[in-house]
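Undergrad: You'll find work_21.cif just under this line, and it carries mmCIF, C-alpha atoms.
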```
data_coords
#
loop_
_atom_site.label_atom_id
_atom_site.label_comp_id
_atom_site.auth_asym_id
_atom_site.auth_seq_id
_atom_site.Cartn_x
_atom_site.Cartn_y
_atom_site.Cartn_z
CA MET A 295 95.08 106.41 54.76
CA ILE A 296 95.56 105.71 58.51
CA TYR A 297 98.78 105.14 60.44
CA ALA A 298 98.69 103.17 63.72
CA PRO A 299 101.95 103.20 65.75
CA GLU A 300 101.19 100.04 67.77
CA ALA A 301 103.43 97.63 65.84
CA GLN A 302 107.02 97.12 66.90
CA HIS A 303 110.06 96.05 64.90
CA ASP A 304 113.30 95.40 66.88
CA GLY A 305 111.79 97.26 69.79
CA ILE A 306 110.97 100.35 67.72
CA ASN A 307 107.42 101.52 67.01
CA VAL A 308 106.75 101.56 63.27
CA PRO A 309 103.58 102.80 61.55
CA ILE A 310 101.18 100.37 59.89
CA GLU A 311 99.59 101.65 56.72
CA HIS A 312 95.88 100.93 56.19
CA ARG A 313 94.65 101.80 52.73
CA PHE A 314 91.19 101.68 51.18
CA GLU A 315 91.35 101.08 47.44
CA PRO A 316 87.98 101.67 45.74
CA TYR A 317 89.06 100.20 42.39
CA ASP A 318 90.24 96.85 41.06
CA ASP A 319 91.25 95.67 37.61
CA ASN A 320 89.49 92.43 36.74
CA GLY A 321 91.30 91.89 33.45
CA GLY A 322 89.86 90.64 30.19
CA THR A 323 89.81 92.02 26.66
CA SER A 324 87.21 93.46 24.28
CA VAL A 325 87.27 94.01 20.52
CA ALA A 326 84.85 95.81 18.20
CA ILE A 327 84.99 95.90 14.39
CA ALA A 328 82.59 97.82 12.15
CA GLY A 329 81.55 96.64 8.69
CA LYS A 330 79.57 98.32 5.93
CA ASP A 331 76.19 97.25 7.32
CA PHE A 332 77.05 95.48 10.58
CA CYS A 333 79.22 95.65 13.68
CA VAL A 334 80.82 92.88 15.74
CA VAL A 335 81.55 93.34 19.45
CA ALA A 336 83.44 90.53 21.21
CA ALA A 337 84.81 90.02 24.72
CA ASP A 338 86.19 87.12 26.73
CA THR A 339 84.43 85.94 29.89
CA ARG A 340 87.34 85.46 32.33
CA GLN A 341 87.28 87.64 35.47
CA SER A 342 90.51 87.81 37.49
CA THR A 343 92.06 89.53 40.46
CA GLY A 344 95.83 89.38 40.37
CA TYR A 345 96.81 85.78 39.67
CA SER A 346 93.46 84.40 40.84
CA ILE A 347 90.49 83.63 38.58
CA ASN A 348 87.26 84.77 40.24
CA THR A 349 85.02 83.16 37.63
CA ARG A 350 85.37 81.75 34.14
CA PHE A 351 82.04 83.14 32.95
CA ALA A 352 81.50 86.85 33.60
CA PRO A 353 80.35 88.41 30.30
CA LYS A 354 81.70 91.90 29.62
CA ALA A 355 79.51 92.69 26.59
CA TYR A 356 75.93 93.86 27.14
CA VAL A 357 73.13 94.43 24.63
CA LEU A 358 71.74 97.95 25.09
CA SER A 359 69.34 97.92 22.12
CA ASP A 360 68.83 96.22 18.77
CA SER A 361 71.34 98.69 17.30
CA SER A 362 74.06 98.84 19.97
CA VAL A 363 76.20 96.68 22.26
CA ILE A 364 78.63 97.91 24.92
CA ALA A 365 81.72 96.07 26.17
CA MET A 366 83.52 97.20 29.34
CA ASN A 367 86.93 96.42 30.81
CA GLY A 368 88.43 97.47 34.11
CA PHE A 369 86.53 97.13 37.39
CA HIS A 370 83.65 94.70 36.85
CA ALA A 371 81.45 96.20 39.60
CA ASP A 372 81.74 99.68 38.08
CA GLY A 373 80.83 98.21 34.71
CA LEU A 374 77.67 96.64 36.13
CA THR A 375 76.70 99.92 37.80
CA LEU A 376 77.27 101.87 34.59
CA LYS A 377 75.16 99.33 32.66
CA LYS A 378 72.25 99.85 35.10
CA VAL A 379 72.50 103.64 34.71
CA LEU A 380 72.46 103.36 30.92
CA ASP A 381 69.50 100.96 30.96
CA GLN A 382 67.53 103.40 33.10
CA ARG A 383 68.26 106.34 30.83
CA LEU A 384 67.31 104.32 27.76
CA LYS A 385 63.97 103.45 29.39
CA TRP A 386 63.35 107.13 30.20
CA TYR A 387 64.07 108.04 26.56
CA LYS A 388 61.72 105.32 25.29
CA PHE A 389 58.97 106.52 27.65
CA ASN A 390 59.38 110.19 26.68
CA HIS A 391 59.82 109.79 22.91
CA ASP A 392 58.10 106.48 22.15
CA LYS A 393 61.11 105.19 20.20
CA ASP A 394 64.49 103.62 20.89
CA MET A 395 67.59 105.79 21.10
CA SER A 396 69.86 105.63 18.06
CA CYS A 397 73.41 104.30 18.30
CA ASP A 398 74.92 107.78 17.74
CA ALA A 399 72.72 109.20 20.50
CA ILE A 400 73.70 106.38 22.87
CA ALA A 401 77.36 107.14 22.14
CA GLN A 402 76.85 110.80 23.13
CA MET A 403 74.82 109.85 26.21
CA LEU A 404 77.55 107.47 27.37
CA SER A 405 80.14 110.23 27.01
CA ILE A 406 78.02 112.59 29.14
CA THR A 407 77.36 109.88 31.73
CA LEU A 408 81.06 109.17 32.15
CA TYR A 409 81.99 112.88 32.25
CA GLN A 410 79.46 113.55 35.01
CA ARG A 411 81.49 111.19 37.19
CA ARG A 412 84.89 112.62 36.25
CA PHE A 413 85.92 113.46 39.85
CA PHE A 414 85.30 109.87 41.00
CA PRO A 415 85.13 108.04 37.64
CA TYR A 416 83.72 104.68 36.81
CA TYR A 417 86.86 102.55 36.41
CA SER A 418 85.43 101.22 33.18
CA PHE A 419 86.94 101.49 29.71
CA CYS A 420 84.13 101.18 27.21
CA LEU A 421 83.71 100.09 23.62
CA LEU A 422 80.35 100.82 22.04
CA GLY A 423 79.55 99.11 18.77
CA GLY A 424 76.46 99.30 16.63
CA VAL A 425 74.78 100.47 13.44
CA ASP A 426 73.64 104.06 12.92
CA GLU A 427 70.38 105.27 11.39
CA LYS A 428 71.87 104.81 7.90
CA GLY A 429 72.58 101.16 8.68
CA GLU A 430 76.36 101.68 8.70
CA GLY A 431 78.52 100.03 11.36
CA GLY A 432 80.46 102.13 13.87
CA VAL A 433 82.79 101.64 16.84
CA TYR A 434 83.07 104.24 19.62
CA CYS A 435 86.08 104.01 21.95
CA TYR A 436 86.13 105.79 25.35
CA ASP A 437 88.50 106.66 28.14
CA ALA A 438 87.35 106.62 31.78
CA ILE A 439 85.98 110.20 31.74
CA GLY A 440 84.05 110.15 28.50
CA SER A 441 86.38 111.31 25.72
CA TYR A 442 85.58 109.24 22.64
CA GLU A 443 85.99 108.89 18.90
CA ARG A 444 84.41 106.82 16.17
CA GLU A 445 86.67 104.20 14.60
CA VAL A 446 86.53 101.09 12.43
CA ALA A 447 88.30 98.65 14.76
CA ARG A 448 89.48 98.92 18.35
CA ALA A 449 90.68 96.66 21.17
CA THR A 450 90.66 97.49 24.89
CA GLY A 451 91.63 95.60 28.02
CA SER A 452 94.58 93.57 29.21
CA ALA A 453 95.52 92.15 25.77
CA SER A 454 94.81 95.31 23.77
CA ALA A 455 98.52 95.92 23.11
CA LEU A 456 98.69 92.50 21.47
CA ILE A 457 95.47 92.71 19.44
CA GLN A 458 95.41 96.36 18.29
CA PRO A 459 98.43 96.07 15.94
CA PHE A 460 96.81 92.98 14.42
CA LEU A 461 93.58 94.92 13.81
CA ASP A 462 95.52 97.86 12.36
CA ASN A 463 97.03 95.52 9.81
CA GLN A 464 94.17 93.15 9.02
CA VAL A 465 91.22 95.57 9.24
CA ASN A 466 92.65 99.05 8.63
CA LYS A 467 95.21 97.69 6.12
CA LYS A 468 98.06 99.74 7.56
CA ASN A 469 101.57 99.01 6.27
CA MET A 470 100.13 96.94 3.42
CA GLU A 471 100.86 97.75 -0.23
CA ASN A 472 98.12 97.51 -2.86
CA ALA A 473 95.63 96.36 -0.24
CA SER A 474 91.91 96.70 -0.93
CA LYS A 475 90.22 99.36 1.21
CA GLU A 476 86.80 97.77 0.78
CA PRO A 477 84.96 97.00 4.05
CA LEU A 478 85.32 93.42 5.23
CA GLU A 479 82.52 90.88 5.04
CA LEU A 480 81.01 89.45 8.22
CA GLU A 481 82.62 86.02 7.82
CA GLU A 482 86.08 87.60 7.50
CA VAL A 483 85.51 89.80 10.56
CA LEU A 484 84.44 86.80 12.65
CA ARG A 485 87.58 84.93 11.57
CA ILE A 486 89.79 87.88 12.52
CA VAL A 487 88.12 88.21 15.94
CA LYS A 488 88.51 84.52 16.74
CA ASP A 489 92.14 84.48 15.56
CA ALA A 490 92.94 87.60 17.59
CA PHE A 491 91.60 86.16 20.85
CA THR A 492 93.07 82.70 20.24
CA SER A 493 96.49 84.31 19.84
CA ALA A 494 96.07 86.69 22.80
CA THR A 495 95.25 83.87 25.23
CA GLU A 496 98.71 82.40 24.61
CA ARG A 497 100.36 85.55 25.97
CA ASP A 498 97.86 87.13 28.37
CA ILE A 499 96.83 85.24 31.52
CA TYR A 500 93.87 87.58 32.11
CA THR A 501 92.14 86.65 28.84
CA GLY A 502 90.57 83.26 28.18
CA ASP A 503 87.90 80.62 28.90
CA LYS A 504 85.17 81.70 26.46
CA LEU A 505 84.58 84.34 23.78
CA GLN A 506 81.26 86.17 23.62
CA ILE A 507 80.54 87.53 20.12
CA CYS A 508 77.68 89.98 19.47
CA ILE A 509 76.65 90.69 15.87
CA ILE A 510 74.61 93.87 15.29
CA ARG A 511 72.65 94.50 12.07
CA LYS A 512 70.02 97.09 11.19
CA ASP A 513 66.44 96.15 12.11
CA VAL A 514 67.53 92.69 13.34
CA PRO A 515 67.85 91.56 16.99
CA VAL A 516 71.44 91.24 18.18
CA GLU A 517 72.87 87.77 17.58
CA VAL A 518 75.07 86.39 20.38
CA GLN A 519 77.53 83.54 19.84
CA PHE A 520 80.04 81.82 22.13
CA TYR A 521 83.39 80.38 21.13
CA PRO A 522 85.73 78.37 23.43
CA LEU A 523 89.14 79.80 24.38
CA LYS A 524 92.21 78.58 26.26
CA ARG A 525 91.41 77.78 29.91
CA ASP A 526 94.90 77.84 31.47
#
```
Take the structure in this file and express it as structure tokens.

TA:
Amino acid sequence: MIYAPEAQHDGINVPIEHRFEPYDDNGGTSVAIAGKDFCVVAADTRQSTGYSINTRFAPKAYVLSDSSVIAMNGFHADGLTLKKVLDQRLKWYKFNHDKDMSCDAIAQMLSITLYQRRFFPYYSFCLLGGVDEKGEGGVYCYDAIGSYEREVARATGSASALIQPFLDNQVNKKNMENASKEPLELEEVLRIVKDAFTSATERDIYTGDKLQICIIRKDVPVEVQFYPLKRD
């Protein structure tokens, strides 16, 4: 922070503040829901700065392997940098061990990668979704310095406060009497994801334009779908 006393106001020198801000929040929302033998990771494609839309198509979900997809909210440039770091480490692992890293191992590696930058963190709030070596779906939710936990359903980003209570009710069956605790089928999860984002775009100006949906299953390449969202 630098102060320059050249400016005058009513004949009195006043300091001018010059500030360098290394971070920005580019908005957007991500959701991940785990099923019995699959996981769905979804994110909108709008990228904003303040009240301005930088682009209507900036995907926030990235395929790391056939068993895992990561979605990142916060500063888009930090997310891209983190994605490159993860890709490099996955290639090193493949070269050294002649096999792909499992989803659980990727989750631990991501935690270590974020913690190594804890004094100048990536401004990136991550959701990792995938299927483990047993073929069971899992969602890993992170803060900016690598603390994480495995969950069934989680939302992050600018509309997370709107979507998370909906997921708690519809997926985790909280505050519901006599509700079945059986894992949801894929078709039901896709309906919940689309309904959640359609509703969120009515209240959150940083979420919209298009929904990117990634479906992860064991021993099957990741399927990516796109669904239109509100554009204003």

Undergrad: Determine, using all atoms listed in the file, which residues of region 437-476 of chain A have any atom at most 12 Å from an atom of region 497-502 of chain A, and tabulate each with its shortest atom pair and distance in Å to one decimal place, rows ordered by chain and then rising number, as CSV.

TA:
```
residue,atom,partner,partner_atom,distance
A:Thr450,CA,A:Thr501,CA,11.6
A:Gly451,CA,A:Thr501,CA,9.0
A:Ser452,CA,A:Tyr500,CA,6.7
A:Ala453,CA,A:Asp498,CA,6.1
A:Ser454,CA,A:Asp498,CA,9.9
A:Ala455,CA,A:Asp498,CA,10.3
A:Leu456,CA,A:Arg497,CA,8.4
A:Ile457,CA,A:Asp498,CA,10.8
```

Undergrad: Would you list the contacts of Asp331 (chain A) as a PyMOL selection string, taking every protein, DNA or RNA residue within 9 Å and counting only C-alpha atoms, but skipping same-chain residues closer than 5 positions in sequence?

TA: chain A and resi 425+428-431+510-512

Undergrad: Can you check which parts of region 364-480 of chain A lie within 9 Å of region 334-352 of chain A? Per residue, the shortest pair of atoms and distance in Å to one decimal, counting all atoms listed in the file, sorted by chain and number, as CSV.

TA:
```
residue,atom,partner,partner_atom,distance
A:Ile364,CA,A:Val335,CA,7.7
A:Ala365,CA,A:Ala337,CA,6.9
A:Met366,CA,A:Ala337,CA,8.6
A:His370,CA,A:Gln341,CA,8.1
A:Leu421,CA,A:Val335,CA,8.2
A:Leu422,CA,A:Val335,CA,8.0
A:Gly423,CA,A:Val335,CA,6.1
A:Gly424,CA,A:Val334,CA,7.8
A:Gly431,CA,A:Val334,CA,8.7
A:Val433,CA,A:Val335,CA,8.8
A:Leu480,CA,A:Val334,CA,8.3
```

Undergrad: In Å to one decimal, how far is CA of Gln464 (chain A) from CA of Leu478 (chain A)?

TA: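 So the two atoms, CA of Leu478 (chain A) and CA of Gln464 (chain A), lie 9.6 Å apart.
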
Undergrad: Which one of A:Val446, A:Val308, A:Leu408, A:Leu484 sits closest to Cys508 (chain A) if you count all atoms listed in the file?

TA: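 Nearest candidate to Cys508 (chain A) out of A:Val446, A:Val308, A:Leu408, A:Leu484: A:Leu484.
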
Undergrad: Selected by the PyMOL selection byres ((chain A and resi 438) around 6) in the shown coordinates: which residues, as an NGL selection string?

TA: :A and (418-419 or 437 or 439-440)

Undergrad: Keeping only C-alpha atoms, write the selected residues to a file as a PDB file, in the coordinates of the input.

TA:
```
ATOM      1  CA  SER A 418      85.430 101.220  33.180  1.00  0.00           C
ATOM      2  CA  PHE A 419      86.940 101.490  29.710  1.00  0.00           C
ATOM      3  CA  ASP A 437      88.500 106.660  28.140  1.00  0.00           C
ATOM      4  CA  ILE A 439      85.980 110.200  31.740  1.00  0.00           C
ATOM      5  CA  GLY A 440      84.050 110.150  28.500  1.00  0.00           C
TER       6      GLY A 440
END
```

Undergrad: Have a look at CA of Asn367 (chain A) and CA of Arg444 (chain A) and let me know their distance in Å, one decimal.

TA: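 So the answer is 18.1 Å.
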
Undergrad: Just to confirm, what's the straight-line distance from CA of Gln402 (chain A) to CA of Ser324 (chain A) in Å (one decimal)?

TA: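 Distance between the two atoms: 20.2 Å.
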
Undergrad: With a distance cut-off of 9 Å and all atoms listed in the file, select the neighbouring residues of Gly368 (chain A), excluding the residue or stretch itself and same-chain residues fewer than 3 positions from it, and output the selection as a list in words.

TA: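 These residues fall inside the cut-off: Tyr317, Asp318, Asp319, Asn320, Gly321, Gly322, Ala371, Asp372, Gly373, Tyr417, Ser418, Phe419, Cys420, Gly451 and Ser452 of chain A.
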
Undergrad: Which of these residues is nearest to Lys488 (chain A), using all atoms listed in the file: A:Ile306, A:Ala355, A:Leu404, A:Ala326?

TA: A:Ala326

Undergrad: Using the chain letters and residue numbers of this document, give as a count of residues only the residues selected by the PyMOL selection byres ((chain A and resi 403) around 12).

TA: 28

Undergrad: Have a look at A:Val518, A:Leu358, A:Val465, A:Met470 and name the one nearest to Leu505 (chain A); count all atoms listed in the file.

TA: A:Val518

Undergrad: Using the chain letters and residue numbers of this document, give as a list in words the residues selected by the PyMOL selection byres ((chain A and resi 522) around 6).

TA: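 When the PyMOL selection byres ((chain A and resi 522) around 6) is applied, the selected residues are Lys504, Tyr521 and Leu523 of chain A.
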
Undergrad: Return the single residue from A:Asp360, A:Asp462, A:Asp394, A:Asp526 that is closest to Ile486 (chain A), with distances computed using all atoms listed in the file.

TA: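 Result for the nearest residue to Ile486 (chain A): A:Asp462.
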
Undergrad: Between A:Ser474, A:Ala494, A:Ser359, A:Glu427, which one has atoms that come closest to Lys385 (chain A), using all atoms listed in the file?

TA: A:Ser359

Undergrad: How big is the axis-aligned box around all listed atoms of region 498-501 of chain A once 3 Å goes on each side, and where's its centre, in Å to one decimal, as lines of an AutoDock Vina configuration file?

TA:
```
center_x = 95.0
center_y = 86.4
center_z = 30.2
size_x = 11.7
size_y = 8.3
size_z = 9.7
```

Undergrad: Rank nothing, just name the residue among A:Phe389, A:Ile507, A:Pro459, A:Ala449 nearest to Cys435 (chain A), using all atoms listed in the file.

TA: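 Once distances to Cys435 (chain A) are computed over all atoms listed in the file, the minimum belongs to A:Ala449.
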
Undergrad: Could region 372-398 of chain A be completed with N, CA and C atoms and written as a short mmCIF file (atom, residue, chain, number, x, y, z; two decimals), in the coordinates of the input, please?

TA:
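Result went into result-v7.cif, see below:
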```cif
data_model
loop_
_atom_site.label_atom_id
_atom_site.label_comp_id
_atom_site.auth_asym_id
_atom_site.auth_seq_id
_atom_site.Cartn_x
_atom_site.Cartn_y
_atom_site.Cartn_z
N ASP A 372 82.04 98.39 38.68
CA ASP A 372 81.74 99.68 38.08
C ASP A 372 81.05 99.50 36.73
N GLY A 373 81.47 98.48 35.98
CA GLY A 373 80.83 98.21 34.71
C GLY A 373 79.36 97.84 34.87
N LEU A 374 79.06 97.02 35.87
CA LEU A 374 77.67 96.64 36.13
C LEU A 374 76.83 97.86 36.54
N THR A 375 77.41 98.72 37.37
CA THR A 375 76.70 99.92 37.80
C THR A 375 76.43 100.84 36.62
N LEU A 376 77.44 101.03 35.78
CA LEU A 376 77.27 101.87 34.59
C LEU A 376 76.20 101.29 33.67
N LYS A 377 76.18 99.98 33.50
CA LYS A 377 75.16 99.33 32.66
C LYS A 377 73.75 99.61 33.20
N LYS A 378 73.56 99.56 34.51
CA LYS A 378 72.25 99.85 35.10
C LYS A 378 71.84 101.30 34.85
N VAL A 379 72.79 102.22 34.96
CA VAL A 379 72.50 103.64 34.71
C VAL A 379 72.08 103.84 33.25
N LEU A 380 72.80 103.22 32.33
CA LEU A 380 72.46 103.36 30.92
C LEU A 380 71.09 102.76 30.60
N ASP A 381 70.82 101.59 31.17
CA ASP A 381 69.50 100.96 30.96
C ASP A 381 68.38 101.88 31.42
N GLN A 382 68.57 102.51 32.58
CA GLN A 382 67.53 103.40 33.10
C GLN A 382 67.31 104.59 32.19
N ARG A 383 68.40 105.18 31.70
CA ARG A 383 68.26 106.34 30.83
C ARG A 383 67.65 105.97 29.48
N LEU A 384 67.93 104.77 29.00
CA LEU A 384 67.31 104.32 27.76
C LEU A 384 65.81 104.10 27.94
N LYS A 385 65.40 103.62 29.11
CA LYS A 385 63.97 103.45 29.39
C LYS A 385 63.27 104.81 29.48
N TRP A 386 63.93 105.78 30.12
CA TRP A 386 63.35 107.13 30.20
C TRP A 386 63.15 107.70 28.79
N TYR A 387 64.15 107.53 27.93
CA TYR A 387 64.07 108.04 26.56
C TYR A 387 62.92 107.37 25.81
N LYS A 388 62.80 106.05 25.95
CA LYS A 388 61.72 105.32 25.29
C LYS A 388 60.35 105.80 25.78
N PHE A 389 60.24 106.06 27.08
CA PHE A 389 58.97 106.52 27.65
C PHE A 389 58.63 107.92 27.14
N ASN A 390 59.63 108.80 27.06
CA ASN A 390 59.38 110.19 26.68
C ASN A 390 59.17 110.37 25.18
N HIS A 391 59.83 109.56 24.36
CA HIS A 391 59.82 109.79 22.91
C HIS A 391 59.15 108.67 22.12
N ASP A 392 58.78 107.60 22.80
CA ASP A 392 58.10 106.48 22.15
C ASP A 392 58.92 105.89 21.00
N LYS A 393 60.23 105.85 21.17
CA LYS A 393 61.11 105.19 20.20
C LYS A 393 62.44 104.89 20.89
N ASP A 394 63.19 103.97 20.32
CA ASP A 394 64.49 103.62 20.89
C ASP A 394 65.53 104.66 20.50
N MET A 395 66.50 104.86 21.38
CA MET A 395 67.59 105.79 21.10
C MET A 395 68.51 105.22 20.03
N SER A 396 68.95 106.07 19.12
CA SER A 396 69.86 105.63 18.06
C SER A 396 71.24 105.35 18.62
N CYS A 397 72.06 104.64 17.85
CA CYS A 397 73.41 104.30 18.30
C CYS A 397 74.26 105.55 18.51
N ASP A 398 74.16 106.53 17.59
CA ASP A 398 74.92 107.78 17.74
C ASP A 398 74.50 108.53 19.00
#
```
